[in-house]
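Data file: model24.txt. Format and content: compact mmCIF, C-alpha atoms.
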# COMPACT_ATOMS: atom_id res chain seq x y z
CA MET H 75 116.82 1.95 -20.73
CA PRO H 76 118.43 3.80 -17.82
CA SER H 77 121.90 2.69 -16.91
CA LEU H 78 122.65 0.50 -13.92
CA LYS H 79 124.20 3.43 -12.12
CA ASP H 80 121.10 5.60 -12.62
CA ILE H 81 118.82 2.93 -11.22
CA ARG H 82 121.11 2.38 -8.28
CA ARG H 83 121.05 6.06 -7.50
CA ARG H 84 117.27 6.17 -7.70
CA ILE H 85 116.93 3.16 -5.42
CA GLY H 86 119.15 4.94 -2.91
CA SER H 87 117.05 8.06 -3.03
CA VAL H 88 113.78 6.16 -2.55
CA LYS H 89 115.33 4.34 0.40
CA ASN H 90 116.28 7.66 1.96
CA THR H 91 112.78 9.00 1.46
CA GLN H 92 111.42 5.87 3.05
CA LYS H 93 113.63 6.37 6.08
CA ILE H 94 112.21 9.86 6.50
CA THR H 95 108.58 8.82 6.10
CA ARG H 96 109.11 5.96 8.54
CA ALA H 97 110.62 8.29 11.12
CA MET H 98 107.76 10.78 10.61
CA LYS H 99 105.28 7.99 11.09
CA LEU H 100 106.86 6.99 14.38
CA VAL H 101 106.90 10.57 15.62
CA ALA H 102 103.28 11.06 14.56
CA ALA H 103 102.31 7.82 16.31
CA ALA H 104 103.83 9.00 19.58
CA LYS H 105 102.19 12.41 19.29
CA PHE H 106 98.92 10.82 18.30
CA ALA H 107 98.90 8.67 21.43
CA ARG H 108 99.35 11.80 23.52
CA ALA H 109 96.69 13.80 21.63
CA ASN H 110 94.27 10.90 21.85
CA ALA H 111 94.82 10.64 25.60
CA ALA H 112 94.14 14.38 25.87
CA VAL H 113 90.80 13.98 24.06
CA VAL H 114 89.83 11.18 26.42
CA ALA H 115 91.03 13.09 29.51
CA ALA H 116 88.87 16.08 28.56
CA ARG H 117 85.62 14.07 28.47
CA PRO H 118 84.67 14.02 32.19
CA TYR H 119 84.67 17.82 32.32
CA GLY H 120 82.48 18.06 29.23
CA ALA H 121 79.98 15.61 30.66
CA ALA H 122 79.91 17.28 34.08
CA PHE H 123 79.58 20.69 32.44
CA GLN H 124 76.57 19.56 30.40
CA ALA H 125 74.94 18.09 33.50
CA MET H 126 75.38 21.39 35.31
CA VAL H 127 73.99 23.40 32.38
CA HIS H 128 70.86 21.23 32.29
CA LYS H 129 70.38 21.81 35.97
CA LEU H 130 70.81 25.56 35.60
CA VAL H 131 68.48 25.81 32.63
CA ALA H 132 65.84 23.92 34.59
CA ALA H 133 66.30 26.38 37.44
CA ALA H 134 66.33 29.49 35.25
CA GLY H 135 63.36 28.63 33.09
CA GLU H 136 63.03 30.59 29.88
CA ASP H 137 63.74 34.03 31.23
CA PHE H 138 67.38 34.70 30.85
CA SER H 139 69.11 36.72 28.25
CA SER H 140 72.69 37.24 27.33
CA PRO H 141 74.68 38.91 24.58
CA TYR H 142 75.86 35.41 23.63
CA LEU H 143 72.32 34.39 22.76
CA VAL H 144 71.20 37.35 20.62
CA GLU H 145 69.98 36.17 17.24
CA ARG H 146 70.19 38.71 14.43
CA THR H 147 69.48 38.55 10.76
CA GLU H 148 72.56 37.17 9.12
CA GLU H 149 74.22 39.64 6.80
CA LYS H 150 77.86 39.42 7.69
CA SER H 151 79.40 36.27 9.12
CA LEU H 152 82.74 35.12 10.28
CA LEU H 153 84.18 31.71 9.53
CA VAL H 154 87.00 30.59 11.78
CA LEU H 155 89.15 27.90 10.21
CA LEU H 156 91.21 25.69 12.46
CA SER H 157 93.87 23.92 10.40
CA THR H 158 97.31 22.44 10.86
CA ASP H 159 100.52 24.38 10.30
CA ARG H 160 102.30 21.63 8.41
CA GLY H 161 101.35 19.39 5.55
CA PHE H 162 102.24 15.70 5.28
CA CYS H 163 98.88 14.74 6.64
CA GLY H 164 97.04 13.41 3.63
CA SER H 165 93.83 15.11 2.63
CA LEU H 166 93.10 16.45 6.12
CA ASN H 167 93.37 20.15 5.30
CA SER H 168 92.08 19.93 1.75
CA ASN H 169 88.93 18.20 3.02
CA LEU H 170 88.45 20.98 5.53
CA PHE H 171 88.93 23.65 2.85
CA LYS H 172 86.57 21.87 0.46
CA HIS H 173 84.02 21.95 3.21
CA ALA H 174 84.75 25.61 3.85
CA ILE H 175 84.30 26.53 0.19
CA ALA H 176 80.98 24.72 0.02
CA PHE H 177 79.91 26.57 3.15
CA ILE H 178 81.03 29.97 1.87
CA ASN H 179 79.30 29.44 -1.47
CA ALA H 180 76.08 28.41 0.24
CA LYS H 181 76.23 31.54 2.41
CA ARG H 182 76.91 33.73 -0.63
CA ARG H 183 73.81 32.41 -2.34
CA GLU H 184 71.87 33.53 0.71
CA GLY H 185 73.42 36.96 0.30
CA VAL H 186 75.63 36.69 3.36
CA HIS H 187 79.03 38.29 3.31
CA VAL H 188 81.68 35.99 4.80
CA GLU H 189 85.07 36.86 6.19
CA LEU H 190 87.71 34.60 7.71
CA VAL H 191 89.74 34.16 10.85
CA THR H 192 92.46 31.58 10.41
CA TRP H 193 94.10 29.48 13.10
CA GLY H 194 96.91 27.54 11.47
CA ARG H 195 99.29 28.36 8.65
CA ARG H 196 97.52 26.22 6.04
CA ALA H 197 94.24 27.99 6.70
CA LYS H 198 95.91 31.34 6.18
CA GLN H 199 97.37 30.21 2.87
CA PHE H 200 93.92 29.00 1.88
CA GLY H 201 92.34 32.32 2.82
CA THR H 202 94.86 34.29 0.78
CA LYS H 203 94.38 31.94 -2.16
CA ILE H 204 90.62 32.34 -2.37
CA GLY H 205 90.95 36.07 -1.76
CA LEU H 206 88.76 36.52 1.29
CA GLU H 207 89.56 39.03 3.97
CA VAL H 208 91.51 37.31 6.76
CA HIS H 209 91.38 38.75 10.29
CA ASN H 210 94.21 38.25 12.77
CA PRO H 211 95.64 34.95 11.56
CA ARG H 212 97.28 32.76 14.19
CA GLU H 213 99.71 29.92 13.94
CA LYS H 214 100.77 27.04 16.16
CA VAL H 215 97.28 26.69 17.58
CA LEU H 216 97.33 22.89 17.40
CA ASP H 217 100.90 22.54 18.69
CA LYS H 218 100.06 22.52 22.35
CA PRO H 219 96.32 22.79 22.89
CA SER H 220 95.71 24.43 26.25
CA TYR H 221 92.59 25.81 27.85
CA ALA H 222 94.32 29.13 28.46
CA LEU H 223 94.92 29.47 24.72
CA ALA H 224 91.33 28.43 23.98
CA LYS H 225 90.07 31.14 26.33
CA ASP H 226 92.28 33.66 24.63
CA LEU H 227 90.97 32.66 21.20
CA ALA H 228 87.41 32.67 22.48
CA ASP H 229 87.77 36.26 23.73
CA ASP H 230 89.13 37.11 20.32
CA ILE H 231 86.09 35.91 18.40
CA VAL H 232 83.54 36.94 21.02
CA SER H 233 84.78 40.52 20.59
CA LYS H 234 83.97 40.26 16.89
CA PHE H 235 80.45 39.05 17.52
CA GLY H 236 77.45 41.36 17.72
CA ASP H 237 78.70 44.91 18.08
CA GLY H 238 82.04 43.69 16.76
CA GLY H 239 80.39 43.61 13.35
CA PHE H 240 79.52 39.97 12.70
CA ASP H 241 76.07 38.49 13.07
CA LYS H 242 77.13 34.89 13.26
CA ILE H 243 80.37 33.10 13.91
CA TYR H 244 81.17 29.63 12.66
CA LEU H 245 84.08 27.33 13.36
CA GLY H 246 85.43 24.96 10.74
CA PHE H 247 87.51 22.16 12.20
CA VAL H 248 88.24 18.51 11.78
CA GLU H 249 86.38 16.20 14.09
CA PHE H 250 88.36 13.24 15.27
CA LYS H 251 86.79 9.84 14.73
CA SER H 252 89.77 7.52 14.68
CA ALA H 253 93.31 7.47 13.37
CA MET H 254 91.90 6.38 10.02
CA SER H 255 88.92 8.69 9.75
CA GLN H 256 88.44 12.37 10.41
CA GLN H 257 85.42 14.43 9.53
CA ALA H 258 85.61 18.08 8.50
CA LYS H 259 82.80 20.14 10.00
CA VAL H 260 81.51 23.69 10.13
CA VAL H 261 79.61 24.45 13.33
CA GLN H 262 77.93 27.63 14.53
CA VAL H 263 79.66 28.97 17.63
CA LEU H 264 77.84 32.26 18.19
CA PRO H 265 75.14 33.01 18.96
CA ILE H 266 74.86 29.96 21.15
CA GLY H 267 71.77 28.02 20.15
CA LYS H 268 69.07 27.52 22.73
CA VAL H 269 70.61 25.47 25.46
CA ALA H 270 69.03 22.07 25.17
CA LYS H 271 66.91 20.94 28.06
CA ALA H 272 67.56 17.56 29.55
CA ASP H 273 65.42 14.78 28.10
CA HIS H 274 64.49 13.48 31.51
CA GLU H 275 63.15 16.77 32.74
CA SER H 276 60.77 15.20 35.22
CA ASP H 277 63.46 14.10 37.67
CA MET H 278 64.94 17.58 37.79
CA THR H 279 64.70 19.36 41.10
CA PRO H 280 64.32 23.03 40.27
CA ASP H 281 64.72 24.08 43.91
CA ILE H 282 68.45 24.44 43.89
CA ILE H 283 70.49 27.25 45.27
CA VAL H 284 72.42 29.27 42.72
CA GLU H 285 75.02 31.76 43.85
CA PRO H 286 75.51 34.65 43.35
CA SER H 287 72.50 34.45 40.96
CA VAL H 288 71.25 32.37 38.06
CA GLN H 289 71.85 35.29 35.72
CA VAL H 290 75.50 35.73 36.76
CA VAL H 291 76.30 32.04 36.74
CA LEU H 292 74.67 31.51 33.33
CA GLU H 293 76.68 34.38 31.91
CA GLN H 294 79.86 32.67 33.11
CA VAL H 295 78.61 29.33 31.84
CA LEU H 296 78.00 30.68 28.34
CA LYS H 297 81.43 32.28 28.30
CA ARG H 298 82.97 28.93 29.11
CA GLU H 299 80.73 27.17 26.66
CA VAL H 300 82.49 29.06 23.85
CA ALA H 301 85.98 28.52 25.26
CA GLY H 302 85.20 24.89 26.00
CA PHE H 303 83.96 24.31 22.49
CA ILE H 304 87.09 25.83 21.01
CA PHE H 305 89.23 23.78 23.37
CA ARG H 306 87.51 20.56 22.28
CA ALA H 307 87.91 21.52 18.63
CA MET H 308 91.62 22.11 19.29
CA LEU H 309 92.06 18.74 20.97
CA GLU H 310 90.18 16.97 18.19
CA GLY H 311 92.07 18.90 15.54
CA ALA H 312 95.40 17.91 17.09
CA ALA H 313 94.40 14.27 17.37
CA SER H 314 93.16 14.35 13.77
CA GLU H 315 96.38 15.93 12.58
CA HIS H 316 98.63 13.34 14.13
CA GLY H 317 96.29 10.49 13.23
CA ALA H 318 96.13 11.61 9.62
CA ARG H 319 99.89 12.13 9.46
CA MET H 320 100.45 8.68 10.90
CA THR H 321 98.27 7.02 8.26
CA ALA H 322 99.66 9.18 5.46
CA MET H 323 103.25 8.40 6.40
CA ASP H 324 102.44 4.73 6.82
CA SER H 325 101.05 4.51 3.31
CA ALA H 326 103.99 6.55 1.99
CA THR H 327 106.36 4.02 3.56
CA ASN H 328 104.43 1.12 2.03
CA ASN H 329 104.32 2.91 -1.27
CA ALA H 330 108.09 3.32 -1.20
CA ASN H 331 108.39 -0.44 -0.70
CA GLU H 332 106.32 -1.01 -3.82
CA VAL H 333 108.41 1.46 -5.81
CA LEU H 334 111.58 -0.22 -4.55
CA ARG H 335 110.30 -3.63 -5.59
CA ARG H 336 109.66 -2.42 -9.13
CA MET H 337 112.98 -0.68 -9.36
CA LYS H 338 114.80 -3.78 -8.17
CA ILE H 339 113.18 -5.81 -10.96
CA GLN H 340 114.21 -3.14 -13.42
CA TYR H 341 117.69 -3.14 -11.97
CA ASN H 342 118.04 -6.91 -12.24
CA ARG H 343 116.77 -6.88 -15.80
CA ALA H 344 119.25 -4.20 -16.75
CA ARG H 345 122.05 -6.14 -15.05
CA GLN H 346 121.05 -9.35 -16.83
CA ALA H 347 120.89 -7.50 -20.15
CA ALA H 348 124.39 -6.15 -19.58
CA ILE H 349 125.75 -9.66 -18.78
CA THR H 350 124.07 -11.16 -21.83
CA LYS H 351 125.49 -8.41 -23.98
CA GLU H 352 128.98 -9.06 -22.66
CA LEU H 353 128.64 -12.81 -23.27
CA ILE H 354 127.52 -12.21 -26.84
CA GLU H 355 130.50 -9.96 -27.38
CA ILE H 356 132.89 -12.60 -26.00
CA THR H 357 131.41 -15.49 -27.95
CA SER H 358 131.21 -13.52 -31.18
CA GLY H 359 134.79 -12.41 -30.55
CA ALA H 360 135.86 -16.05 -30.10
CA GLN H 361 134.02 -17.10 -33.27
CA ALA H 362 135.77 -14.41 -35.26
CA LEU H 363 139.13 -15.94 -34.39
CA MET F 239 76.69 10.76 58.18
CA GLY F 240 77.78 10.00 54.66
CA GLU F 241 80.76 11.22 52.82
CA LEU F 242 81.21 13.63 50.00
CA ASN F 243 82.29 12.34 46.60
CA VAL F 244 84.46 15.15 45.41
CA SER F 245 85.59 15.44 41.79
CA ILE F 246 87.95 18.17 40.71
CA LEU F 247 87.81 18.58 36.94
CA THR F 248 89.51 20.99 34.58
CA PRO F 249 88.75 21.20 30.86
CA ALA F 250 91.96 19.30 30.17
CA LYS F 251 91.82 16.51 32.72
CA VAL F 252 90.59 15.00 35.96
CA VAL F 253 92.73 16.54 38.68
CA GLY F 254 91.46 14.32 41.45
CA ARG F 255 88.58 12.39 42.95
CA PHE F 256 88.28 12.13 46.72
CA GLN F 257 86.10 10.81 49.52
CA ALA F 258 85.91 13.67 51.94
CA GLY F 259 84.26 14.74 55.15
CA GLN F 260 84.26 18.37 54.14
CA VAL F 261 85.39 20.73 51.40
CA GLN F 262 86.14 24.40 51.63
CA VAL F 263 85.54 26.18 48.38
CA PRO F 264 86.52 29.71 47.35
CA SER F 265 83.29 30.97 45.80
CA SER F 266 83.14 34.37 44.15
CA ASP F 267 81.54 35.77 47.32
CA GLY F 268 83.86 34.19 49.85
CA TYR F 269 84.60 30.76 51.24
CA LEU F 270 81.93 28.10 51.40
CA GLY F 271 82.11 25.01 53.59
CA ILE F 272 80.32 21.99 52.16
CA LEU F 273 79.37 19.10 54.44
CA PRO F 274 77.58 15.88 53.56
CA GLY F 275 73.84 16.35 53.15
CA HIS F 276 74.18 19.81 51.65
CA ALA F 277 71.31 21.15 49.54
CA GLU F 278 71.76 21.22 45.79
CA LEU F 279 73.84 24.19 44.89
CA VAL F 280 75.53 25.76 41.92
CA SER F 281 77.98 28.52 42.62
CA GLU F 282 80.46 30.60 40.75
CA LEU F 283 84.02 30.19 41.93
CA GLY F 284 86.56 32.84 42.62
CA VAL F 285 90.29 32.63 43.03
CA GLY F 286 91.77 30.95 46.06
CA GLU F 287 92.53 27.82 47.95
CA LEU F 288 90.37 24.75 47.78
CA ILE F 289 90.72 22.43 50.76
CA VAL F 290 89.45 18.86 50.75
CA ASN F 291 89.40 17.15 54.16
CA THR F 292 90.01 13.47 53.51
CA HIS F 293 90.81 10.61 55.90
CA SER F 294 94.46 10.81 55.03
CA GLY F 295 94.70 14.52 55.73
CA ASP F 296 93.88 17.73 53.96
CA GLN F 297 94.41 18.18 50.25
CA SER F 298 95.01 21.71 49.14
CA PHE F 299 94.65 23.14 45.62
CA PHE F 300 94.99 26.52 44.02
CA VAL F 301 91.87 27.09 41.89
CA SER F 302 90.84 29.97 39.70
CA GLY F 303 87.54 30.52 37.97
CA GLY F 304 84.81 27.98 37.35
CA PHE F 305 81.86 26.45 39.12
CA LEU F 306 80.88 24.37 42.07
CA ASN F 307 78.06 21.92 41.53
CA VAL F 308 76.68 20.16 44.57
CA GLY F 309 74.26 17.52 43.40
CA GLY F 310 72.17 14.87 45.03
CA GLY F 311 73.89 11.90 46.64
CA ASP F 312 76.61 14.10 48.11
CA HIS F 313 78.33 14.49 44.77
CA VAL F 314 80.46 17.59 44.74
CA THR F 315 81.83 18.51 41.34
CA LEU F 316 84.27 21.35 40.88
CA LEU F 317 84.54 22.54 37.31
CA VAL F 318 87.54 24.82 37.42
CA ASP F 319 89.59 26.54 34.75
CA VAL F 320 92.79 25.98 36.69
CA ALA F 321 93.59 23.60 39.56
CA GLU F 322 97.12 23.18 40.83
CA LYS F 323 98.54 21.16 43.70
CA PRO F 324 100.93 23.08 45.94
CA THR F 325 103.80 21.05 44.52
CA ASP F 326 102.81 21.92 40.94
CA ILE F 327 102.87 25.66 41.43
CA ASP F 328 105.67 27.45 39.69
CA LEU F 329 106.94 29.74 42.43
CA GLU F 330 109.20 31.80 40.23
CA ARG F 331 106.42 32.43 37.75
CA ALA F 332 103.99 33.44 40.47
CA LYS F 333 106.51 35.84 42.00
CA GLU F 334 107.26 37.29 38.61
CA ALA F 335 103.53 37.69 37.89
CA LYS F 336 103.06 39.45 41.21
CA ARG F 337 105.93 41.82 40.54
CA ARG F 338 104.60 42.60 37.07
CA ALA F 339 101.06 43.20 38.32
CA LEU F 340 102.32 45.54 41.04
CA ALA F 341 104.42 47.43 38.55
CA ARG F 342 101.43 47.85 36.28
CA LEU F 343 99.24 49.07 39.11
CA GLU F 344 102.00 51.49 40.05
CA GLU F 345 102.01 53.06 36.60
CA LYS F 346 98.22 53.18 36.42
CA LEU F 347 98.33 55.10 33.18
CA GLY F 348 97.01 53.30 30.14
CA VAL F 349 96.69 49.93 31.79
CA ASP F 350 93.71 47.80 32.46
CA VAL F 351 93.53 48.14 36.24
CA MET F 352 90.94 45.39 36.65
CA ARG F 353 93.11 42.93 34.82
CA ALA F 354 96.21 43.84 36.77
CA GLN F 355 94.31 43.46 40.03
CA ALA F 356 92.99 40.06 39.01
CA ALA F 357 96.50 38.99 38.04
CA LEU F 358 97.82 40.23 41.38
CA LEU F 359 95.15 38.30 43.26
CA ARG F 360 95.94 35.12 41.37
CA ALA F 361 99.66 35.46 42.01
CA GLU F 362 99.17 36.11 45.73
CA GLN F 363 96.79 33.19 46.15
CA ARG F 364 99.17 30.92 44.26
CA LEU F 365 101.99 31.91 46.55
CA ALA F 366 99.78 31.36 49.60
CA VAL F 367 98.83 27.85 48.48
CA ALA F 368 102.41 27.06 47.52
CA SER F 369 103.64 28.04 50.97
CA ARG F 370 101.71 25.05 52.36
CA ARG F 371 103.98 22.52 50.81
CA SER F 372 106.85 23.34 53.13
CA LYS F 373 104.70 22.60 56.18
Can you give me the file's structure in the form of C-alpha cells?
Amino acid sequence: MPSLKDIRRRIGSVKNTQKITRAMKLVAAAKFARANAAVVAARPYGAAFQAMVHKLVAAAGEDFSSPYLVERTEEKSLLVLLSTDRGFCGSLNSNLFKHAIAFINAKRREGVHVELVTWGRRAKQFGTKIGLEVHNPREKVLDKPSYALAKDLADDIVSKFGDGGFDKIYLGFVEFKSAMSQQAKVVQVLPIGKVAKADHESDMTPDIIVEPSVQVVLEQVLKREVAGFIFRAMLEGAASEHGARMTAMDSATNNANEVLRRMKIQYNRARQAAITKELIEITSGAQAL
Amino acid sequence: MGELNVSILTPAKVVGRFQAGQVQVPSSDGYLGILPGHAELVSELGVGELIVNTHSGDQSFFVSGGFLNVGGGDHVTLLVDVAEKPTDIDLERAKEAKRRALARLEEKLGVDVMRAQAALLRAEQRLAVASRRSK
C-alpha cells in the first residue's frame, strides 16, 4: 500500500491537472462561442450567393465552360486535409484521419495516385506518418479564419488543378454539427460539379441583365465558389475544434473528480490503517507491562 | 415609388441592411446608379466607393470585388469580398500599401505589374473613402 505522503502528493497533482483542464475548458468555451457566431454570421452570404448562382445558371443555360469545370479521368488526385494545430480536442483529428485513410485506400483500389496538402500541424504529422508526399504544408489555418486567407489557400490549390498536375482535388475537414458532435468529411472541391439548378425553375425570369457578360461573371462566381467553400470549411473546422476541446476538457475535469474521489477513499483507508496500527502498538505495549 | 432593400454581405458577416432611395455601385465597368424599379441585374463589381442614399443621409463604404444582384421586389444584394465603413479603414495600412505598390511599379523588373496596379488602386480608393469621415 502506498504511503500517506505518496497519496497526498498524487492527490495534489491530480488537482493541479484538474485546474488546467478546467481553465482550458473555459477558454475553449469562450472561443467556441465566437467561432459559432462566425458560422452563423456567414450564412446570409452563402444563401444569397446560392440564389444568385441559380439565377445566373438559368440565364446562361447549358453553354458555358470554365477551367474549373473540366472533368478528366482521375489518375492523380490531391487530398487537402484541414486539421487543428493542437491536440486536446478528443478524437476530432483522429476521426478525420481515419476518414482520410479510408478515402485514400478506396482511391488506391481504383488505381488513383493520391498526394496531400496539409493545413494544420496535426495533418502534417499525419501525412509524414503514413508516408505520402505532402505539398506546401500550412499551419495556423484555423486560428483566425478570414476570407482573405481562404482566397489565398484557394489560389494555392486551384494552381495545382488541371495543368498543375492533379485531376481532382478533395478537401477533408470536420463539419460542425454541435459542440457535442462533429462529422469528418471528404468533399470534392475541383472540378466543381454541375451547378445545381433551382428546384422551382418555373418562376425564374431568364431575361435578366448580366454585366459585363454571363461568361465573365460565371468565371468570377466559380472562383469565389472555391474560396467560399474553403472559408466555410475553415469556420466549421474552427467551431468544431473549440467545441470538441470544450467537451474533451469538460470530461477530463469530471474524470479528475472521479479519480480524486477514489484516491480520497484510498487515503482515508491508509490513514485509518495507520491509526489502528498505532493503537495496537500502544495497547500491546501496555499489556506487556 | 418604392424603396430599395439593400443588403451588404461579405463572406464573414452582414455588413449592413438599409432602406434606400438610391445606391451607387462601383461595377467593374464603372459606376452604376440603381433606383427603385430597376430591371433584374447581375453585375461584377470592381474596386471603389459604394454609396447608399438613405433617409438619414448617405452611407459610404469601400468595397472590393464581388457581385451586385438586383432582384425582383427592389431587393439589392451586394456580395462583396471586402466592405469597410470609412471609420473602419486603417489609414496607415492603406498609405503603406500605396507606398509599397508605387515602389514595386517603380522597379518594374521581376514584379507582377498587374498585381501591383490592383494593389495601388485598392489603396487609393480606400484613402478616398476614408477621407469622407472627416467631412
Set the cut-off to 10 Å and count all atoms listed in the file: what are the residues of chain H that reach chain F? Output as a PyMOL selection string. chain H and resi 111-120+122-123+125-127+129-130+219-222+225+279-288+290-292+294-295+298+301-302+305-306+309
Quick one: residues within 12 Å of Gln199 in chain H, only C-alpha atoms, excluding same-chain residues fewer than 3 positions away - as an MDAnalysis selection string? chainID H and resid 155 157:161 167:168 171 190:196 202:208 211:213
Using only C-alpha atoms for the distances, tell me which of F:His313, F:Thr292, F:Gly275, F:Gly268 is nearest to Asn243 in chain F.
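Ranked by minimum distance to Asn243 in chain F, first place goes to F:His313.
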Just to confirm, what's the straight-line distance from CA of Leu166 in chain H to CA of Phe247 in chain H in Å (one decimal)?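 Separation between CA of Leu166 in chain H and CA of Phe247 in chain H: 10.0 Å.
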* Between CA of Gly311 in chain H and CA of Asn169 in chain H, what is the spacing in Å? ->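 That distance, rounded to one decimal, is 12.9 Å.
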Test item: residues at most 8 Å from range 336-343 of chain H, all atoms listed in the file, excluding those fewer than 4 positions along its chain, as a CSV table (one decimal) with C-alpha atoms, keeping the file's coordinate frame:
chain,number,residue,atom,x,y,z
H,78,LEU,CA,122.6,0.5,-13.9
H,81,ILE,CA,118.8,2.9,-11.2
H,82,ARG,CA,121.1,2.4,-8.3
H,85,ILE,CA,116.9,3.2,-5.4
H,332,GLU,CA,106.3,-1.0,-3.8
H,347,ALA,CA,120.9,-7.5,-20.2
Could you check how far CA of Ala356 in chain F sits from CA of Ser233 in chain H, in Å to one decimal?
->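 Separation between CA of Ala356 in chain F and CA of Ser233 in chain H: 20.2 Å.
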Do you know which residues are at most 10 Å from Met323 in chain H counting all atoms listed in the file, after dropping those on the same chain fewer than 3 positions away, and could you put them as a list in words? Gln92, Ile94, Thr95, Arg96, Ala97, Met98, Lys99, Leu100, Ala102, Ala103, Phe162, Cys163, Gly164, Gly317, Ala318, Arg319, Met320, Ala326, Thr327, Asn328 and Asn329 of chain H
The selected residues should be written to file as a PDB file, in the coordinates of the input (atoms: C-alpha atoms).
ATOM      1  CA  GLN H  92     111.420   5.870   3.050  1.00  0.00           C
ATOM      2  CA  ILE H  94     112.210   9.860   6.500  1.00  0.00           C
ATOM      3  CA  THR H  95     108.580   8.820   6.100  1.00  0.00           C
ATOM      4  CA  ARG H  96     109.110   5.960   8.540  1.00  0.00           C
ATOM      5  CA  ALA H  97     110.620   8.290  11.120  1.00  0.00           C
ATOM      6  CA  MET H  98     107.760  10.780  10.610  1.00  0.00           C
ATOM      7  CA  LYS H  99     105.280   7.990  11.090  1.00  0.00           C
ATOM      8  CA  LEU H 100     106.860   6.990  14.380  1.00  0.00           C
ATOM      9  CA  ALA H 102     103.280  11.060  14.560  1.00  0.00           C
ATOM     10  CA  ALA H 103     102.310   7.820  16.310  1.00  0.00           C
ATOM     11  CA  PHE H 162     102.240  15.700   5.280  1.00  0.00           C
ATOM     12  CA  CYS H 163      98.880  14.740   6.640  1.00  0.00           C
ATOM     13  CA  GLY H 164      97.040  13.410   3.630  1.00  0.00           C
ATOM     14  CA  GLY H 317      96.290  10.490  13.230  1.00  0.00           C
ATOM     15  CA  ALA H 318      96.130  11.610   9.620  1.00  0.00           C
ATOM     16  CA  ARG H 319      99.890  12.130   9.460  1.00  0.00           C
ATOM     17  CA  MET H 320     100.450   8.680  10.900  1.00  0.00           C
ATOM     18  CA  ALA H 326     103.990   6.550   1.990  1.00  0.00           C
ATOM     19  CA  THR H 327     106.360   4.020   3.560  1.00  0.00           C
ATOM     20  CA  ASN H 328     104.430   1.120   2.030  1.00  0.00           C
ATOM     21  CA  ASN H 329     104.320   2.910  -1.270  1.00  0.00           C
TER      22      ASN H 329
END
* Between F:His293, F:Gly284, F:Glu345, F:Gly271, which has the minimum distance to Gln257 in chain F (counting all atoms listed in the file)? ->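 Using all atoms listed in the file, the shortest distance to Gln257 in chain F belongs to F:His293.
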Across F:Ala366, F:Leu242, F:Met352, F:Val285, the smallest distance to Phe256 in chain F, with all atoms listed in the file counted, is shown by F:Leu242
| request: Tell me which of H:Val215, H:Ile354, H:Leu143, H:Ile243 sits closest to Ala312 in chain H, counting all atoms listed in the file. | output: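 So, comparing all the options, the nearest one is H:Val215.
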Quick one: of H:Ile175, H:Val88, H:Leu216, H:Leu245, who's nearest to Val154 in chain H, counting only C-alpha atoms?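 Looking at the shortest contact to Val154 in chain H, the residue is H:Leu245.
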Give me the residues within 12 Å of Asp296 in chain F as a list in words, counting all atoms listed in the file and dropping any in the same chain fewer than 3 places off.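 In the requested format, the answer is Phe256, Gln257, Ala258, Gly259, Gln260, Val261, Gln262, Glu287, Leu288, Ile289, Val290, Asn291, Thr292, His293, Phe299, Lys323, Pro324, Arg370 and Arg371 of chain F.
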Six-sided padding of 3 Å per side, axis-aligned box over range 246-260 of chain H, centre and edges in Å, one decimal, as AutoDock Vina command-line options:
--center_x 87.4 --center_y 15.7 --center_z 11.9 --size_x 17.8 --size_y 24.6 --size_z 12.8
